[in-house]
file structure_32.tsv (TSV, N, CA and C atoms)
chain	number	residue	atom	x	y	z
A	1	MET	N	-3.64	-17.01	-7.51
A	1	MET	CA	-2.27	-17.04	-7.05
A	1	MET	C	-2.18	-17.95	-5.82
A	2	SER	N	-1.22	-18.86	-5.82
A	2	SER	CA	-1.07	-19.82	-4.74
A	2	SER	C	-0.33	-19.20	-3.56
A	3	THR	N	-0.74	-19.54	-2.36
A	3	THR	CA	-0.07	-19.06	-1.16
A	3	THR	C	0.79	-20.14	-0.51
A	4	SER	N	0.85	-21.30	-1.14
A	4	SER	CA	1.65	-22.38	-0.55
A	4	SER	C	3.13	-22.15	-0.85
A	5	GLU	N	3.97	-22.74	0.01
A	5	GLU	CA	5.42	-22.63	-0.17
A	5	GLU	C	5.86	-23.45	-1.37
A	6	PRO	N	6.92	-23.01	-2.06
A	6	PRO	CA	7.45	-23.82	-3.15
A	6	PRO	C	7.93	-25.17	-2.63
A	7	THR	N	7.79	-26.20	-3.44
A	7	THR	CA	8.17	-27.55	-3.02
A	7	THR	C	9.68	-27.74	-2.97
A	8	HIS	N	10.45	-26.87	-3.60
A	8	HIS	CA	11.90	-27.03	-3.63
A	8	HIS	C	12.61	-26.36	-2.45
A	9	THR	N	11.89	-25.72	-1.56
A	9	THR	CA	12.50	-25.06	-0.41
A	9	THR	C	13.05	-26.12	0.55
A	10	PRO	N	14.36	-26.09	0.82
A	10	PRO	CA	14.91	-27.09	1.75
A	10	PRO	C	14.42	-26.85	3.17
A	11	ARG	N	14.28	-27.93	3.90
A	11	ARG	CA	13.87	-27.85	5.30
A	11	ARG	C	15.13	-27.59	6.14
A	12	LEU	N	15.25	-26.39	6.63
A	12	LEU	CA	16.42	-26.02	7.41
A	12	LEU	C	16.07	-26.05	8.89
A	13	ARG	N	16.91	-26.75	9.65
A	13	ARG	CA	16.71	-26.86	11.10
A	13	ARG	C	18.05	-26.69	11.79
A	14	PRO	N	18.04	-26.29	13.03
A	14	PRO	CA	19.30	-26.20	13.78
A	14	PRO	C	19.95	-27.59	13.89
A	15	PHE	N	21.26	-27.61	13.98
A	15	PHE	CA	21.98	-28.86	14.15
A	15	PHE	C	23.19	-28.63	15.04
A	16	SER	N	23.65	-29.70	15.65
A	16	SER	CA	24.79	-29.63	16.56
A	16	SER	C	26.08	-30.00	15.84
A	17	VAL	N	27.15	-29.35	16.22
A	17	VAL	CA	28.48	-29.68	15.70
A	17	VAL	C	29.48	-29.67	16.84
A	18	HIS	N	30.54	-30.40	16.65
A	18	HIS	CA	31.72	-30.29	17.50
A	18	HIS	C	32.79	-29.64	16.64
A	19	VAL	N	33.45	-28.64	17.17
A	19	VAL	CA	34.49	-27.92	16.44
A	19	VAL	C	35.84	-28.51	16.82
A	20	HIS	N	36.61	-28.86	15.80
A	20	HIS	CA	37.94	-29.45	16.00
A	20	HIS	C	38.98	-28.54	15.34
A	21	PRO	N	39.83	-27.85	16.12
A	21	PRO	CA	40.92	-27.08	15.52
A	21	PRO	C	41.89	-28.04	14.84
A	22	ILE	N	42.32	-27.70	13.65
A	22	ILE	CA	43.23	-28.57	12.90
A	22	ILE	C	44.58	-27.87	12.77
A	23	PRO	N	45.51	-28.16	13.66
A	23	PRO	CA	46.83	-27.55	13.56
A	23	PRO	C	47.66	-28.32	12.53
A	24	PRO	N	48.73	-27.86	12.03
A	24	PRO	CA	49.32	-26.55	12.27
A	24	PRO	C	49.12	-25.61	11.08
A	25	THR	N	48.29	-25.96	10.12
A	25	THR	CA	48.22	-25.22	8.87
A	25	THR	C	47.98	-23.72	9.05
A	26	GLU	N	46.85	-23.36	9.55
A	26	GLU	CA	46.46	-21.96	9.69
A	26	GLU	C	45.59	-21.83	10.94
A	27	PRO	N	45.62	-20.69	11.59
A	27	PRO	CA	44.77	-20.52	12.77
A	27	PRO	C	43.28	-20.66	12.48
A	28	LYS	N	42.84	-20.29	11.28
A	28	LYS	CA	41.41	-20.36	11.00
A	28	LYS	C	40.97	-21.71	10.45
A	29	THR	N	41.88	-22.65	10.28
A	29	THR	CA	41.53	-23.95	9.76
A	29	THR	C	40.96	-24.81	10.89
A	30	CYS	N	39.73	-25.25	10.70
A	30	CYS	CA	39.11	-26.13	11.68
A	30	CYS	C	38.09	-27.01	10.98
A	31	ALA	N	37.69	-28.06	11.65
A	31	ALA	CA	36.71	-28.99	11.09
A	31	ALA	C	35.49	-29.00	11.99
A	32	TYR	N	34.34	-29.20	11.36
A	32	TYR	CA	33.07	-29.27	12.06
A	32	TYR	C	32.50	-30.66	11.88
A	33	GLU	N	32.31	-31.35	12.98
A	33	GLU	CA	31.72	-32.69	12.96
A	33	GLU	C	30.24	-32.54	13.27
A	34	ARG	N	29.39	-32.87	12.29
A	34	ARG	CA	27.94	-32.82	12.53
A	34	ARG	C	27.58	-33.94	13.48
A	35	ARG	N	26.77	-33.64	14.46
A	35	ARG	CA	26.41	-34.60	15.48
A	35	ARG	C	25.01	-35.15	15.24
A	36	HIS	N	24.81	-36.39	15.67
A	36	HIS	CA	23.48	-37.00	15.73
A	36	HIS	C	23.44	-37.91	16.95
A	37	SER	N	22.33	-38.53	17.19
A	37	SER	CA	22.14	-39.28	18.44
A	37	SER	C	23.11	-40.45	18.61
A	38	ASN	N	23.71	-40.92	17.54
A	38	ASN	CA	24.61	-42.06	17.63
A	38	ASN	C	26.05	-41.69	17.24
A	39	SER	N	26.36	-40.41	17.25
A	39	SER	CA	27.69	-39.95	16.82
A	39	SER	C	28.83	-40.54	17.63
A	40	ALA	N	28.61	-40.76	18.91
A	40	ALA	CA	29.67	-41.28	19.77
A	40	ALA	C	30.17	-42.65	19.30
A	41	LYS	N	29.32	-43.41	18.63
A	41	LYS	CA	29.70	-44.74	18.15
A	41	LYS	C	30.26	-44.72	16.73
A	42	CYS	N	30.27	-43.58	16.10
A	42	CYS	CA	30.73	-43.49	14.71
A	42	CYS	C	32.25	-43.44	14.65
A	43	LYS	N	32.82	-44.44	14.01
A	43	LYS	CA	34.27	-44.52	13.86
A	43	LYS	C	34.71	-44.30	12.42
A	44	ASN	N	33.80	-43.76	11.60
A	44	ASN	CA	34.10	-43.47	10.21
A	44	ASN	C	33.69	-42.04	9.92
A	45	ALA	N	34.44	-41.39	9.04
A	45	ALA	CA	34.17	-39.99	8.71
A	45	ALA	C	33.83	-39.83	7.24
A	46	LEU	N	32.77	-39.11	6.98
A	46	LEU	CA	32.41	-38.69	5.63
A	46	LEU	C	32.76	-37.21	5.55
A	47	VAL	N	33.82	-36.88	4.83
A	47	VAL	CA	34.30	-35.51	4.74
A	47	VAL	C	33.70	-34.86	3.49
A	48	PHE	N	32.98	-33.77	3.69
A	48	PHE	CA	32.37	-33.06	2.57
A	48	PHE	C	33.17	-31.81	2.26
A	49	ILE	N	33.53	-31.64	0.97
A	49	ILE	CA	34.25	-30.46	0.50
A	49	ILE	C	33.35	-29.74	-0.49
A	50	GLY	N	32.95	-28.54	-0.14
A	50	GLY	CA	32.06	-27.77	-1.00
A	50	GLY	C	32.80	-27.11	-2.15
A	51	GLY	N	32.04	-26.51	-3.02
A	51	GLY	CA	32.58	-25.85	-4.20
A	51	GLY	C	33.04	-24.43	-3.94
A	52	LEU	N	33.45	-23.78	-5.00
A	52	LEU	CA	33.97	-22.42	-4.96
A	52	LEU	C	32.96	-21.47	-4.34
A	53	GLY	N	33.40	-20.69	-3.38
A	53	GLY	CA	32.54	-19.71	-2.72
A	53	GLY	C	31.75	-20.24	-1.54
A	54	THR	N	31.83	-21.54	-1.29
A	54	THR	CA	31.10	-22.12	-0.18
A	54	THR	C	32.04	-22.39	0.99
A	55	GLY	N	31.46	-22.89	2.05
A	55	GLY	CA	32.22	-23.27	3.22
A	55	GLY	C	31.33	-24.14	4.08
A	56	PRO	N	31.79	-24.47	5.27
A	56	PRO	CA	30.97	-25.28	6.16
A	56	PRO	C	29.59	-24.66	6.40
A	57	HIS	N	28.61	-25.52	6.46
A	57	HIS	CA	27.22	-25.16	6.79
A	57	HIS	C	26.49	-24.41	5.68
A	58	THR	N	26.95	-24.50	4.44
A	58	THR	CA	26.27	-23.81	3.34
A	58	THR	C	25.59	-24.78	2.37
A	59	THR	N	25.66	-26.07	2.63
A	59	THR	CA	25.09	-27.06	1.72
A	59	THR	C	23.87	-27.68	2.37
A	60	HIS	N	22.70	-27.38	1.81
A	60	HIS	CA	21.45	-27.77	2.46
A	60	HIS	C	21.20	-29.27	2.51
A	61	TYR	N	21.75	-30.05	1.59
A	61	TYR	CA	21.44	-31.48	1.58
A	61	TYR	C	22.25	-32.29	2.58
A	62	LEU	N	23.18	-31.66	3.29
A	62	LEU	CA	23.91	-32.41	4.31
A	62	LEU	C	23.03	-32.71	5.53
A	63	GLY	N	22.03	-31.89	5.78
A	63	GLY	CA	21.09	-32.17	6.88
A	63	GLY	C	20.35	-33.47	6.68
A	64	PRO	N	19.66	-33.64	5.53
A	64	PRO	CA	18.99	-34.92	5.28
A	64	PRO	C	19.97	-36.10	5.21
A	65	LEU	N	21.17	-35.86	4.69
A	65	LEU	CA	22.16	-36.94	4.65
A	65	LEU	C	22.56	-37.35	6.06
A	66	ASN	N	22.73	-36.38	6.95
A	66	ASN	CA	23.08	-36.68	8.33
A	66	ASN	C	21.96	-37.48	9.01
A	67	GLU	N	20.71	-37.13	8.72
A	67	GLU	CA	19.58	-37.87	9.28
A	67	GLU	C	19.58	-39.31	8.77
A	68	ALA	N	19.89	-39.51	7.49
A	68	ALA	CA	19.94	-40.86	6.93
A	68	ALA	C	21.07	-41.67	7.55
A	69	LEU	N	22.23	-41.03	7.76
A	69	LEU	CA	23.35	-41.73	8.40
A	69	LEU	C	23.02	-42.09	9.85
A	70	GLU	N	22.32	-41.20	10.53
A	70	GLU	CA	21.89	-41.49	11.90
A	70	GLU	C	20.96	-42.70	11.92
A	71	SER	N	19.98	-42.70	11.05
A	71	SER	CA	19.01	-43.81	10.99
A	71	SER	C	19.73	-45.13	10.68
A	72	ALA	N	20.64	-45.10	9.73
A	72	ALA	CA	21.38	-46.31	9.36
A	72	ALA	C	22.27	-46.79	10.50
A	73	SER	N	22.85	-45.85	11.25
A	73	SER	CA	23.77	-46.23	12.33
A	73	SER	C	23.04	-46.89	13.50
A	74	LEU	N	21.74	-46.63	13.60
A	74	LEU	CA	20.96	-47.20	14.70
A	74	LEU	C	20.49	-48.62	14.41
A	75	LYS	N	20.63	-49.07	13.17
A	75	LYS	CA	20.23	-50.42	12.81
A	75	LYS	C	21.39	-51.37	13.12
A	76	GLU	N	21.09	-52.42	13.82
A	76	GLU	CA	22.11	-53.39	14.23
A	76	GLU	C	22.64	-54.17	13.03
A	77	GLY	N	23.94	-54.38	13.03
A	77	GLY	CA	24.56	-55.29	12.08
A	77	GLY	C	24.82	-54.75	10.69
A	78	ASN	N	24.48	-53.49	10.39
A	78	ASN	CA	24.72	-53.02	9.03
A	78	ASN	C	26.07	-52.35	8.85
A	79	GLY	N	26.77	-52.01	9.91
A	79	GLY	CA	28.11	-51.46	9.81
A	79	GLY	C	28.20	-50.03	9.31
A	80	VAL	N	27.07	-49.33	9.20
A	80	VAL	CA	27.08	-47.95	8.74
A	80	VAL	C	27.17	-47.04	9.96
A	81	HIS	N	28.36	-46.60	10.26
A	81	HIS	CA	28.59	-45.73	11.42
A	81	HIS	C	29.47	-44.56	10.99
A	82	TYR	N	28.86	-43.58	10.34
A	82	TYR	CA	29.57	-42.42	9.81
A	82	TYR	C	29.05	-41.14	10.43
A	83	SER	N	29.95	-40.21	10.60
A	83	SER	CA	29.56	-38.84	10.92
A	83	SER	C	30.08	-37.95	9.80
A	84	ILE	N	29.38	-36.84	9.58
A	84	ILE	CA	29.75	-35.91	8.51
A	84	ILE	C	30.70	-34.86	9.07
A	85	TRP	N	31.75	-34.62	8.33
A	85	TRP	CA	32.74	-33.61	8.69
A	85	TRP	C	32.81	-32.58	7.57
A	86	GLU	N	32.91	-31.32	7.95
A	86	GLU	CA	33.14	-30.24	6.99
A	86	GLU	C	34.39	-29.48	7.43
A	87	LEU	N	35.20	-29.08	6.46
A	87	LEU	CA	36.48	-28.43	6.75
A	87	LEU	C	36.42	-26.96	6.38
A	88	ARG	N	36.79	-26.12	7.31
A	88	ARG	CA	36.98	-24.71	6.98
A	88	ARG	C	38.43	-24.55	6.53
A	89	MET	N	38.58	-24.49	5.22
A	89	MET	CA	39.91	-24.36	4.62
A	89	MET	C	40.27	-22.88	4.50
A	90	ARG	N	41.51	-22.64	4.13
A	90	ARG	CA	41.94	-21.26	3.92
A	90	ARG	C	41.11	-20.59	2.83
A	91	SER	N	40.58	-21.35	1.89
A	91	SER	CA	39.83	-20.77	0.78
A	91	SER	C	38.31	-20.75	1.01
A	92	SER	N	37.85	-21.23	2.15
A	92	SER	CA	36.41	-21.29	2.40
A	92	SER	C	35.77	-19.92	2.29
A	93	TYR	N	34.59	-19.90	1.70
A	93	TYR	CA	33.76	-18.70	1.54
A	93	TYR	C	34.36	-17.66	0.61
A	94	THR	N	35.38	-18.02	-0.15
A	94	THR	CA	35.99	-17.07	-1.08
A	94	THR	C	35.70	-17.46	-2.51
A	95	GLY	N	35.99	-16.57	-3.42
A	95	GLY	CA	35.77	-16.83	-4.83
A	95	GLY	C	37.06	-17.14	-5.56
A	96	PHE	N	36.96	-17.16	-6.86
A	96	PHE	CA	38.10	-17.49	-7.72
A	96	PHE	C	39.26	-16.53	-7.47
A	97	GLY	N	40.46	-17.08	-7.36
A	97	GLY	CA	41.66	-16.27	-7.22
A	97	GLY	C	42.10	-16.00	-5.80
A	98	TYR	N	41.35	-16.46	-4.79
A	98	TYR	CA	41.71	-16.20	-3.40
A	98	TYR	C	42.41	-17.37	-2.73
A	99	GLY	N	42.49	-18.47	-3.38
A	99	GLY	CA	43.14	-19.65	-2.82
A	99	GLY	C	43.67	-20.49	-3.95
A	100	SER	N	44.08	-21.70	-3.63
A	100	SER	CA	44.59	-22.60	-4.67
A	100	SER	C	44.22	-24.03	-4.31
A	101	LEU	N	44.16	-24.87	-5.33
A	101	LEU	CA	43.91	-26.28	-5.08
A	101	LEU	C	45.03	-26.88	-4.24
A	102	LYS	N	46.24	-26.37	-4.41
A	102	LYS	CA	47.37	-26.87	-3.61
A	102	LYS	C	47.13	-26.62	-2.12
A	103	GLU	N	46.72	-25.39	-1.77
A	103	GLU	CA	46.43	-25.08	-0.36
A	103	GLU	C	45.26	-25.90	0.15
A	104	ASP	N	44.21	-26.03	-0.67
A	104	ASP	CA	43.05	-26.84	-0.27
A	104	ASP	C	43.47	-28.28	0.00
A	105	ALA	N	44.32	-28.83	-0.86
A	105	ALA	CA	44.79	-30.20	-0.69
A	105	ALA	C	45.63	-30.33	0.59
A	106	GLU	N	46.44	-29.32	0.88
A	106	GLU	CA	47.23	-29.33	2.12
A	106	GLU	C	46.31	-29.32	3.35
A	107	ASP	N	45.28	-28.47	3.31
A	107	ASP	CA	44.34	-28.41	4.43
A	107	ASP	C	43.60	-29.73	4.60
A	108	LEU	N	43.19	-30.33	3.48
A	108	LEU	CA	42.48	-31.61	3.53
A	108	LEU	C	43.39	-32.71	4.06
A	109	LYS	N	44.65	-32.69	3.66
A	109	LYS	CA	45.61	-33.68	4.16
A	109	LYS	C	45.76	-33.58	5.68
A	110	GLU	N	45.81	-32.36	6.20
A	110	GLU	CA	45.89	-32.16	7.65
A	110	GLU	C	44.66	-32.74	8.35
A	111	LEU	N	43.48	-32.54	7.76
A	111	LEU	CA	42.26	-33.09	8.36
A	111	LEU	C	42.28	-34.61	8.36
A	112	VAL	N	42.66	-35.22	7.25
A	112	VAL	CA	42.69	-36.69	7.18
A	112	VAL	C	43.68	-37.24	8.20
A	113	GLN	N	44.83	-36.61	8.35
A	113	GLN	CA	45.80	-37.05	9.36
A	113	GLN	C	45.20	-36.93	10.76
A	114	TYR	N	44.52	-35.83	11.02
A	114	TYR	CA	43.87	-35.62	12.31
A	114	TYR	C	42.82	-36.69	12.58
A	115	LEU	N	42.00	-36.99	11.57
A	115	LEU	CA	40.95	-38.00	11.74
A	115	LEU	C	41.55	-39.37	12.07
A	116	LYS	N	42.65	-39.70	11.44
A	116	LYS	CA	43.32	-40.98	11.74
A	116	LYS	C	43.87	-40.96	13.17
A	117	GLU	N	44.42	-39.81	13.59
A	117	GLU	CA	44.97	-39.69	14.94
A	117	GLU	C	43.91	-39.85	16.02
A	118	ILE	N	42.68	-39.41	15.75
A	118	ILE	CA	41.64	-39.52	16.78
A	118	ILE	C	40.87	-40.84	16.67
A	119	GLY	N	41.32	-41.73	15.79
A	119	GLY	CA	40.75	-43.08	15.76
A	119	GLY	C	39.72	-43.38	14.69
A	120	MET	N	39.56	-42.49	13.73
A	120	MET	CA	38.63	-42.80	12.64
A	120	MET	C	39.20	-43.95	11.81
A	121	GLU	N	38.38	-44.95	11.57
A	121	GLU	CA	38.84	-46.13	10.83
A	121	GLU	C	38.78	-45.93	9.32
A	122	LYS	N	37.71	-45.31	8.85
A	122	LYS	CA	37.56	-45.03	7.42
A	122	LYS	C	37.30	-43.55	7.23
A	123	VAL	N	37.88	-43.00	6.17
A	123	VAL	CA	37.64	-41.61	5.81
A	123	VAL	C	37.21	-41.59	4.35
A	124	VAL	N	35.98	-41.14	4.11
A	124	VAL	CA	35.44	-41.05	2.77
A	124	VAL	C	35.37	-39.59	2.39
A	125	LEU	N	35.90	-39.24	1.21
A	125	LEU	CA	35.88	-37.87	0.74
A	125	LEU	C	34.76	-37.69	-0.28
A	126	MET	N	33.98	-36.64	-0.10
A	126	MET	CA	32.86	-36.35	-0.98
A	126	MET	C	32.89	-34.87	-1.30
A	127	GLY	N	32.80	-34.52	-2.58
A	127	GLY	CA	32.85	-33.12	-2.94
A	127	GLY	C	31.72	-32.71	-3.84
A	128	SER	N	31.53	-31.41	-3.93
A	128	SER	CA	30.52	-30.83	-4.80
A	128	SER	C	31.19	-29.76	-5.66
A	129	SER	N	30.95	-29.78	-6.95
A	129	SER	CA	31.48	-28.80	-7.87
A	129	SER	C	33.02	-28.80	-7.80
A	130	THR	N	33.63	-27.63	-7.56
A	130	THR	CA	35.10	-27.61	-7.50
A	130	THR	C	35.64	-28.36	-6.30
A	131	GLY	N	34.80	-28.62	-5.31
A	131	GLY	CA	35.22	-29.41	-4.15
A	131	GLY	C	35.54	-30.85	-4.51
A	132	GLU	N	35.08	-31.29	-5.68
A	132	GLU	CA	35.40	-32.64	-6.13
A	132	GLU	C	36.84	-32.77	-6.59
A	133	SER	N	37.44	-31.67	-7.01
A	133	SER	CA	38.81	-31.74	-7.53
A	133	SER	C	39.87	-31.69	-6.44
A	134	VAL	N	39.51	-31.24	-5.24
A	134	VAL	CA	40.50	-31.13	-4.16
A	134	VAL	C	41.10	-32.47	-3.79
A	135	PRO	N	40.28	-33.52	-3.56
A	135	PRO	CA	40.89	-34.81	-3.20
A	135	PRO	C	41.76	-35.41	-4.30
A	136	LEU	N	41.54	-35.01	-5.54
A	136	LEU	CA	42.34	-35.53	-6.64
A	136	LEU	C	43.71	-34.92	-6.74
A	137	ARG	N	43.90	-33.82	-6.07
A	137	ARG	CA	45.16	-33.08	-6.14
A	137	ARG	C	46.27	-33.88	-5.54
call {"tool": "encode", "arguments": {"input": "structure_32.tsv", "output": "structure tokens"}}
result
Amino acid sequence: MSTSEPTHTPRLRPFSVHVHPIPPTEPKTCAYERRHSNSAKCKNALVFIGGLGTGPHTTHYLGPLNEALESASLKEGNGVHYSIWELRMRSSYTGFGYGSLKEDAEDLKELVQYLKEIGMEKVVLMGSSTGESVPLR
């Protein structure tokens, strides 16, 4: 019997975020900007929308993606200056029947407007599972 860890176990480490309240939709609606060493220079947002039952900080592959974006942002002349944003929507962490795509789309619209207001030049939407259908709404 092997005592080694399974190779599919994600490497989980602490990470820093800045919390941004997103008015006026709902009091619990807020966005989390994942931070890295070059975040202050990032003028583009990669917004991740998780699937049904998930919410901010539940997707393990955003950590390695954030590290890759940090590494790319430190290279001169490549123009890759993105930070990852996750939105706590009214439906976050709930299952089927507790929210609607309409509400999710409204929350996402508020976030995109907020990102433009604070000076983000590009906003890229990325989803997983049912989170892919929210931007299409």
call {"tool": "select_by_dssp", "arguments": {"input": "structure_32.tsv", "residues": "stretch 3-89 of chain A", "states": "strand (DSSP E)", "output": "PyMOL selection string"}}
result
chain A and resi 17-21+30-34+44-49+82-88
call {"tool": "atom_distance", "arguments": {"input": "structure_32.tsv", "atom1": "atom N of A:Ile49", "atom2": "atom CA of A:Met126"}}
result
5.1 Å
call {"tool": "select_by_dssp", "arguments": {"input": "structure_32.tsv", "residues": "stretch 27-129 of chain A", "states": "alpha helix (DSSP H)", "output": "MDAnalysis selection string"}}
result
chainID A and resid 62:73 101:117
call {"tool": "atom_distance", "arguments": {"input": "structure_32.tsv", "atom1": "atom CA of A:Val80", "atom2": "atom C of A:Val112"}}
result
19.8 Å
call {"tool": "residues_around", "arguments": {"input": "structure_32.tsv", "residues": "A:Arg90", "least_positions_apart": "2", "cutoff": "6.5 Å", "atoms": "all atoms listed in the file", "output": "ChimeraX atom specification"}}
result
/A:28-29,88,92,99,103-104,107
call {"tool": "closest_residue", "arguments": {"input": "structure_32.tsv", "among": "A:Lys43, A:Lys102, A:Ser83, A:Met89", "to": "A:Ala31", "atoms": "all atoms listed in the file"}}
result
A:Met89
call {"tool": "closest_residue", "arguments": {"input": "structure_32.tsv", "among": "A:Leu108, A:Val47, A:Leu69, A:Cys42", "to": "A:Leu125", "atoms": "all atoms listed in the file"}}
result
A:Val47
call {"tool": "decode", "arguments": {"input": "structure_32.tsv", "residues": "stretch 15-36 of chain A", "atoms": "N, CA and C atoms", "output": "short mmCIF file (atom, residue, chain, number, x, y, z; two decimals), in the first residue's frame"}}
result
data_model
loop_
_atom_site.label_atom_id
_atom_site.label_comp_id
_atom_site.auth_asym_id
_atom_site.auth_seq_id
_atom_site.Cartn_x
_atom_site.Cartn_y
_atom_site.Cartn_z
N PHE A 15 -4.03 33.04 0.01
CA PHE A 15 -3.89 34.08 -1.00
C PHE A 15 -4.56 35.35 -0.51
N SER A 16 -4.13 36.46 -1.07
CA SER A 16 -4.66 37.76 -0.67
C SER A 16 -5.75 38.21 -1.63
N VAL A 17 -6.74 38.89 -1.08
CA VAL A 17 -7.80 39.47 -1.90
C VAL A 17 -8.11 40.87 -1.38
N HIS A 18 -8.63 41.68 -2.26
CA HIS A 18 -9.24 42.95 -1.88
C HIS A 18 -10.73 42.78 -2.08
N VAL A 19 -11.51 43.17 -1.10
CA VAL A 19 -12.96 43.03 -1.17
C VAL A 19 -13.55 44.36 -1.65
N HIS A 20 -14.39 44.27 -2.67
CA HIS A 20 -15.03 45.45 -3.25
C HIS A 20 -16.54 45.30 -3.12
N PRO A 21 -17.21 46.10 -2.27
CA PRO A 21 -18.67 46.06 -2.22
C PRO A 21 -19.22 46.57 -3.56
N ILE A 22 -20.21 45.88 -4.07
CA ILE A 22 -20.79 46.26 -5.37
C ILE A 22 -22.22 46.74 -5.14
N PRO A 23 -22.41 48.04 -5.00
CA PRO A 23 -23.77 48.56 -4.83
C PRO A 23 -24.45 48.66 -6.19
N PRO A 24 -25.70 48.80 -6.33
CA PRO A 24 -26.70 48.83 -5.27
C PRO A 24 -27.51 47.54 -5.20
N THR A 25 -27.10 46.49 -5.90
CA THR A 25 -27.93 45.31 -6.05
C THR A 25 -28.41 44.72 -4.73
N GLU A 26 -27.52 44.22 -3.95
CA GLU A 26 -27.86 43.55 -2.69
C GLU A 26 -26.74 43.82 -1.69
N PRO A 27 -27.05 43.84 -0.42
CA PRO A 27 -25.99 44.07 0.58
C PRO A 27 -24.91 43.00 0.55
N LYS A 28 -25.25 41.76 0.22
CA LYS A 28 -24.24 40.71 0.25
C LYS A 28 -23.46 40.57 -1.05
N THR A 29 -23.77 41.38 -2.05
CA THR A 29 -23.07 41.30 -3.32
C THR A 29 -21.74 42.04 -3.21
N CYS A 30 -20.67 41.32 -3.45
CA CYS A 30 -19.35 41.95 -3.45
C CYS A 30 -18.43 41.16 -4.37
N ALA A 31 -17.32 41.79 -4.71
CA ALA A 31 -16.35 41.14 -5.59
C ALA A 31 -15.04 41.01 -4.84
N TYR A 32 -14.33 39.94 -5.17
CA TYR A 32 -13.03 39.66 -4.57
C TYR A 32 -11.98 39.71 -5.67
N GLU A 33 -11.04 40.62 -5.52
CA GLU A 33 -9.93 40.74 -6.47
C GLU A 33 -8.75 39.98 -5.90
N ARG A 34 -8.35 38.91 -6.58
CA ARG A 34 -7.16 38.16 -6.14
C ARG A 34 -5.94 39.01 -6.39
N ARG A 35 -5.06 39.07 -5.42
CA ARG A 35 -3.89 39.92 -5.50
C ARG A 35 -2.64 39.10 -5.82
N HIS A 36 -1.71 39.74 -6.49
CA HIS A 36 -0.36 39.18 -6.69
C HIS A 36 0.62 40.35 -6.67
#
